[in-house]
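Step one of this worksheet: look at the structure below.
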Amino acid sequence: MVQRLRVRYAKRGRLRFTSHRDISRAVERAVRRADIPVAFSAGFSPHPRISYAGAAPTGVASEAEYLEIAVTRICDPQAFRVALDTSLPPGLDVVDVVEARVGGLADRLECSLWEVRLPGADPGVAEGAVKEFMAAAEVAVERLTKKGMRKFDARGAVESLSADQDDHVEGGPNQSCVILRMVVRHETPAVRPDDVLMGLRLVADFAPPSPPSVTRLAQGPLDALTGEPADPLEADRVGGDH
Amino acid sequence: MSVESLFPRLEALLPKVQKPIQYVGGELNSTVKEWDDATVRWALMYPDAYEVGLPNQGVQILYEILNELPDTLAERTYAVWPDLEALMRAEGVPQFTVDAHRPVRAFDVLGVSFSTELGYTNLLTALDLAGIPFQSADRGDDDPIVLAGGHSAFNPEPVAEFIDAAVLGDGEQIAIAISEVIREWKAEGEPGGRDGVLLRLAETGGVYVPRFYDVEYLPDGRIKRVVPNRSGVPSRVFKHTVMDLDEWPYPKKPLVPLAETVHERFSVEIFRGCTRGCRFCQAGMITRPVRERSITTIGAMVDNGVKESGYTEVGLLSLSSADHSEIGAIAKGLADRYEGTNVSLSLPSTRVDAFNIDLASEFSRNGRRSGLTFAPEGGSERMRKVINKMVSEEDLIRTVTTAYSQGWRQVKLYFMCGLPTEEDIDVLGIADLAKKVIKAGREVTGSRDVRCTVSIGGFVPKPHTPFQWAGQADHETVDRRLMALRNNLRNDKQYGKSIGFRYHDGKPSIVEGLLSRGDRRVGKIIQAVWEDGGRFDGWSEHFSYDRWMACADKAFDGEPVDVGWYTVREREEHEVLPWDHLDAGLDREWLWQDWQDAVNDVEVEDCRWTPCYDCGVCPTMNTEIQIGPTGRKLLPLTVVS
């Protein structure tokens with residue numbers, strides 16, 4: 001291993017239905033097809049040294065997923081970005097590649113900015129629910145995990161939450177669409193947009209009529225000024241100036 | 001008329017189902033053609049879950065070949081799981097293709113590949129969801145032609161009323177020919193409508209249209225005769241044989257899915273057909289003669305496939321891969337080429353001999369020596385003579401000894417239970433063999449760290465084999481023998497702990513037997529089972545023996561036949577079998593003689609290395625054995641860096 005590359009990629013359109021295991025298989029194959037000199041772990045059954053940081057759940061789109069690939073030859077990040085992007089199926093799109101310079105990438109992914117589109121939901125009810133949710137000190141929700149039903153707080157990790165209305169929806173003026181934007185800190189147990197929706201239902205009986213369409217817009221260190229995630233690859237870019 | 005994508009409606013359902021990625025398409029190397037640019041449109045179905053159906057070689061090959069034709073388009077569809085089926089029914093979303101999510105009913109042909117009879121209920125689900133009437137006779141000009149292929153199509157009688165046509169044998173050339181017939185028929189303004197095109201296909205003698213044949217029965221339930229019911233339809237329909245595999249190097253662009261599937265590898269068929277003559281093996285009987293792909297084509301296909309797919313495993317497929325006349329050179333050549341890379345090679349379906357250990361050693365140069373699999377199939381010497389699996393106990397022990405001494409620690413042995421003439425002692429012989437295997441392994445390694453797994457399945461007599469006349473063993477007998485074997489292994493203090501035992505109970509084999517050797521009267525059972533909720537019969541968690549039996553009892557009420565009549569009953573030489581008018585080239589008298597030889601423990605050699613014994617295939621089908629060696633070499637490809 002002579003170099004580590006940090007990759008930001010997007011999971012778009014129908015490819016949002018991939019699971020994190022589907023993605024790792026797709027990336028490994030794309031790397032081989034693109035002849036990228038990926039490094040392998042030592043041992044009895046060597047694995048390509050690709051690590052994935054906190055993948056978005058199956059069914060959730062993302063503009064900001066991250067992985068790190070160790071390579072055995074120095075690669076130009078730009079050429080690498082084009083090669084990997086061309087090799088991956090459309091919908092898994094490589095957005096940005098930098099050479100790893102400092103620290104660990106996973107540690108920088110402190111929070112995510114999520115957008116949740118709720119077609120047909122009532123904007124007034126949504127706004128009220130958001131207010132109640134944010135006013136609560138704690139909102140206990142349940143989720144089915146591998147270990148059975150688990151109860152945890154969905155409020156504490158939510159840094160901000162707002163409801164807006166989208167006026168540019170296809171399908172006519174009667175098709176209102178509520179857009180929730182939320183910044184959620186990565187804590188254990190992880191709080192997902194689904195859990196926040198469940199919380200909104202619990203505190204204010206807010207139940208959207210159709211399935212939500214969820215997109216992760218960004219993840220990174222929590223920027224105290226904006227209250228949103230900053231670019232987690234910035235540190236490597238800055239580090240590169242030395 | 002253009003066809004709209006169903007995807008927007010499907011998309012709303014996907015967040016609610018398991019593994020939604022299997023329904024979205026977009027596999028690497030998949031093809032979406034413009035609907036309006038094509039004249040002939042095929043929907044190709046593998047009637048099982050996506051994870052099983054996607055890797056299927058037959059579907060991938062036909063998909064690619066048909067899409068290469070300028071005016072033909074082909075898309076794929078698979079069985080949807082019950083969770084999505086329920087949502088599709090609730091929302092009125094019809095059966096769709098995964099490529100462009102077009103409704104299956106809009107296509108000209110629905111081609112269904114049946115590797116096993118247990119996919120029949122899944123065909124009905126797809127027809128129902130597609131809005132296509134179950135009965136061929138009820139379909140109109142707007143419905144696709146439902147065309148069956150695959151090994152089960154050699155006796156399509158149980159589904160005769162659900163399909164419009166069936167094709168026997170290799171699909172490459174006949175699929176193109178069918179496309180051409182439909183294209184011409186459409187260009188002429190579709191004369192004669194649906195029957196018009198089916199008649200054109202039937203007249204070629206290469207496509208079976210069940211509706212054009214009447215089956216007459218005797219009072220005792222046996223078939224009296226099967227005769228064409230209109231002029232121009234031939235009395236026999238023949239199978240198709242591709243004679244130069246090098247001319248058909250498919251798949252050239254292997255499909256690589258995002259979803260996880262049962263085979264995560266690139267596979268190359270290194271030859272087609274097998275003349276080892278194992279009497280239980282339908283594949284070996286209906287795919288004759290042996291036709292090898294040349295070493296150079298195999299080398300080029302592997303190189304291309306690995307680059308196109310990004311897979312790290314390469315499978316060299318055939319019915320008995322070590323029998324390729326140049327397998328040694330192929331193995332060494334590929335092992336040389338990929339040495340030091342992460343590409344690994346596998347050779348499924350190998351016979352029991354020491355030569356295969358050398359091959360396996362080549363294939364595991366990169367380190368891993370986990371397990372080797374052999375298939376003696378029969379537990380006693382006599383049993384193996386009956387089924388013509390010519391492996392002596394000495395061969396087996398010598399082979400596993402070599403394997404253990406060269407570093408393998410685990411050997412898997414495949415057997416069958418319920419074979420014709422089988423006695424309890426034949427099955428218990430499996431335990432003796434397994435113990436001898438462990439004993440030999442411990443001696444040669446000086447270690448107790450050797451294992452052997454016995455894997456055993458129920459035998460089902462199949463059409464177009466010497467055992468087509470045999471009575472199938474009832475499931476009580478099979479289960480009793482399996483239990484006795486299990487107890488024998490379990491109670492053995494010296495070796496028992498080193499021997500694993502895997503088996504399936506005998507009940508599913510009875511249903512498979514009913515569907516394998518059934519006739520048109522079995523169709524209403526399939527429909528009744530489906531109506532009662534029967535789906536995914538190849539999956540033990542979905543399969544219900546009791547449902548099949550209850551539906552059969554009801555359907556056969558008042559008939560002179562029952563499930564036992566179709567399964568455990570031995571047939572007489574001259575009884576008309578439901579598939580007698582479908583010709584795989586095998587001479588019926590030869591098959592009968594081979595059945596008699598089986599009962600008398602007489603073996604027959606492989607015709608690749610001994611004179612022809614007149615099974616009938618080559619003269620009937622105008623084919624010949626095509627084997628090497630070619631003497632050519634598989635050159636390692638230079639790595640460009």
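Labeling convention for the structure tokens: chains A, B, ... as they appear, residues from 1 per chain, ligands from 1 in order of appearance.
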
Exercise. Write out as number ranges by chain all residues of segment 133-217 of chain A that backbone DSSP assigns to strand (DSSP E or B).
Key: A: 140-145, 148-153, 158-166, 177-185, 213-217

Self-check item: Selection near Ala190 of chain A, 9 Å with only C-alpha atoms, sequence-local residues under 3 positions removed, as a ChimeraX atom specification
Solution: /A:154,157,185-187

Quiz item: In Å, how far is it from atom CA of Ile625 of chain B to atom CA of Arg288 of chain B?
Solution: 8.3 Å

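Residues from chain B that have an atom within 7 Å of chain A, counting only C-alpha atoms, are Pro15, Pro20, Ile21, Val24, Leu28, Leu258, Ala259, Glu260, Lys307, Glu308, Ser309, Gly310 and Tyr311 of chain B.
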
Would you mind exporting C-alpha atoms of the selected residues as a JSON list (two decimals), in the first residue's frame?
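Below is the file that was written, part_3.json:
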```json
[["chain", "number", "residue", "atom", "x", "y", "z"],
["B", 15, "PRO", "CA", -39.65, 0.40, -0.20],
["B", 20, "PRO", "CA", -35.87, -4.39, -3.76],
["B", 21, "ILE", "CA", -32.71, -4.16, -5.87],
["B", 24, "VAL", "CA", -34.84, -2.57, -10.70],
["B", 28, "LEU", "CA", -23.92, -4.30, -16.11],
["B", 258, "LEU", "CA", -26.09, -5.47, -8.22],
["B", 259, "ALA", "CA", -28.11, -7.92, -6.15],
["B", 260, "GLU", "CA", -26.48, -10.96, -4.65],
["B", 307, "LYS", "CA", -12.56, -8.27, -18.13],
["B", 308, "GLU", "CA", -16.20, -7.58, -18.95],
["B", 309, "SER", "CA", -17.57, -8.67, -15.59],
["B", 310, "GLY", "CA", -14.98, -8.02, -12.92],
["B", 311, "TYR", "CA", -15.78, -11.40, -11.40]]
```

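The coordinates place atom CA of Gln282 of chain B at 13.6 Å from atom CA of Ser320 of chain B.
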
Quiz prompt | Between atom CA of Ile286 of chain B and atom CA of Cys274 of chain B - distance in Å to one decimal | solution = 9.0 Å

Practice problem: Identify all residues of segment 3-151 of chain A in alpha helix (DSSP H) (DSSP on the backbone) and supply them as a PyMOL selection string. | Solution: chain A and resi 20-33+77-87+105-108+123-135

Store the residues picked out above, limited to N, CA and C atoms, as a compact mmCIF listing (two decimals), in the first residue's frame.
```txt
# COMPACT_ATOMS: atom_id res chain seq x y z
N HIS A 20 -25.86 -1.97 1.43
CA HIS A 20 -24.42 -1.70 1.52
C HIS A 20 -23.59 -2.87 1.01
N ARG A 21 -24.16 -4.09 1.12
CA ARG A 21 -23.42 -5.25 0.58
C ARG A 21 -23.43 -5.25 -0.95
N ASP A 22 -24.56 -4.85 -1.53
CA ASP A 22 -24.62 -4.73 -3.00
C ASP A 22 -23.57 -3.74 -3.48
N ILE A 23 -23.46 -2.63 -2.74
CA ILE A 23 -22.52 -1.59 -3.15
C ILE A 23 -21.10 -2.09 -3.05
N SER A 24 -20.78 -2.81 -1.98
CA SER A 24 -19.38 -3.23 -1.86
C SER A 24 -19.02 -4.23 -2.97
N ARG A 25 -19.96 -5.11 -3.32
CA ARG A 25 -19.68 -6.00 -4.46
C ARG A 25 -19.49 -5.21 -5.75
N ALA A 26 -20.38 -4.23 -5.97
CA ALA A 26 -20.31 -3.44 -7.20
C ALA A 26 -18.99 -2.66 -7.28
N VAL A 27 -18.57 -2.10 -6.14
CA VAL A 27 -17.32 -1.32 -6.14
C VAL A 27 -16.13 -2.24 -6.39
N GLU A 28 -16.11 -3.40 -5.73
CA GLU A 28 -14.98 -4.32 -5.93
C GLU A 28 -14.85 -4.73 -7.40
N ARG A 29 -15.99 -5.02 -8.02
CA ARG A 29 -15.96 -5.42 -9.43
C ARG A 29 -15.58 -4.26 -10.34
N ALA A 30 -16.07 -3.08 -10.01
CA ALA A 30 -15.75 -1.91 -10.82
C ALA A 30 -14.25 -1.61 -10.75
N VAL A 31 -13.70 -1.77 -9.56
CA VAL A 31 -12.27 -1.54 -9.36
C VAL A 31 -11.45 -2.50 -10.23
N ARG A 32 -11.89 -3.76 -10.27
CA ARG A 32 -11.17 -4.74 -11.10
C ARG A 32 -11.31 -4.43 -12.59
N ARG A 33 -12.53 -4.11 -13.00
CA ARG A 33 -12.72 -3.81 -14.43
C ARG A 33 -11.91 -2.59 -14.84
N PRO A 77 -5.69 11.55 -8.33
CA PRO A 77 -7.09 11.50 -7.87
C PRO A 77 -8.10 11.80 -8.98
N GLN A 78 -7.78 12.72 -9.87
CA GLN A 78 -8.73 13.06 -10.92
C GLN A 78 -8.92 11.91 -11.91
N ALA A 79 -7.79 11.33 -12.34
CA ALA A 79 -7.87 10.20 -13.27
C ALA A 79 -8.59 9.03 -12.59
N PHE A 80 -8.30 8.87 -11.32
CA PHE A 80 -8.92 7.80 -10.54
C PHE A 80 -10.44 8.00 -10.50
N ARG A 81 -10.85 9.25 -10.28
CA ARG A 81 -12.28 9.55 -10.20
C ARG A 81 -12.99 9.17 -11.50
N VAL A 82 -12.39 9.55 -12.62
CA VAL A 82 -13.01 9.27 -13.92
C VAL A 82 -13.05 7.76 -14.17
N ALA A 83 -11.93 7.07 -13.86
CA ALA A 83 -11.86 5.63 -14.13
C ALA A 83 -12.90 4.87 -13.31
N LEU A 84 -13.00 5.19 -12.03
CA LEU A 84 -13.93 4.46 -11.17
C LEU A 84 -15.38 4.81 -11.55
N ASP A 85 -15.62 6.05 -11.84
CA ASP A 85 -16.97 6.48 -12.19
C ASP A 85 -17.44 5.82 -13.48
N THR A 86 -16.55 5.71 -14.45
CA THR A 86 -16.90 5.09 -15.72
C THR A 86 -17.22 3.61 -15.53
N SER A 87 -16.50 2.99 -14.62
CA SER A 87 -16.64 1.56 -14.41
C SER A 87 -17.87 1.20 -13.57
N LEU A 105 -11.00 9.23 8.17
CA LEU A 105 -12.18 9.81 7.53
C LEU A 105 -13.44 9.56 8.35
N ALA A 106 -13.58 8.34 8.86
CA ALA A 106 -14.81 7.97 9.56
C ALA A 106 -15.07 8.91 10.74
N ASP A 107 -13.99 9.33 11.43
CA ASP A 107 -14.15 10.21 12.60
C ASP A 107 -14.75 11.56 12.23
N ARG A 108 -14.53 11.97 10.97
CA ARG A 108 -15.03 13.29 10.56
C ARG A 108 -16.51 13.28 10.20
N PRO A 123 -48.87 20.57 4.67
CA PRO A 123 -47.77 21.41 5.17
C PRO A 123 -48.02 21.95 6.57
N GLY A 124 -49.27 22.32 6.84
CA GLY A 124 -49.58 22.88 8.15
C GLY A 124 -49.36 21.87 9.26
N VAL A 125 -49.86 20.68 9.05
CA VAL A 125 -49.70 19.62 10.05
C VAL A 125 -48.22 19.30 10.24
N ALA A 126 -47.48 19.28 9.13
CA ALA A 126 -46.05 18.97 9.20
C ALA A 126 -45.33 20.00 10.06
N GLU A 127 -45.62 21.27 9.82
CA GLU A 127 -44.95 22.33 10.55
C GLU A 127 -45.23 22.22 12.06
N GLY A 128 -46.48 21.95 12.39
CA GLY A 128 -46.86 21.80 13.80
C GLY A 128 -46.13 20.63 14.44
N ALA A 129 -46.06 19.54 13.71
CA ALA A 129 -45.41 18.33 14.24
C ALA A 129 -43.93 18.60 14.50
N VAL A 130 -43.30 19.31 13.53
CA VAL A 130 -41.88 19.62 13.68
C VAL A 130 -41.65 20.45 14.96
N LYS A 131 -42.53 21.43 15.16
CA LYS A 131 -42.38 22.28 16.36
C LYS A 131 -42.48 21.45 17.63
N GLU A 132 -43.49 20.60 17.66
CA GLU A 132 -43.66 19.78 18.87
C GLU A 132 -42.49 18.85 19.11
N PHE A 133 -42.00 18.25 17.99
CA PHE A 133 -40.87 17.33 18.10
C PHE A 133 -39.66 18.06 18.66
N MET A 134 -39.37 19.26 18.11
CA MET A 134 -38.18 19.99 18.54
C MET A 134 -38.33 20.51 19.97
N ALA A 135 -39.58 20.72 20.38
CA ALA A 135 -39.80 21.23 21.73
C ALA A 135 -39.62 20.13 22.77
```
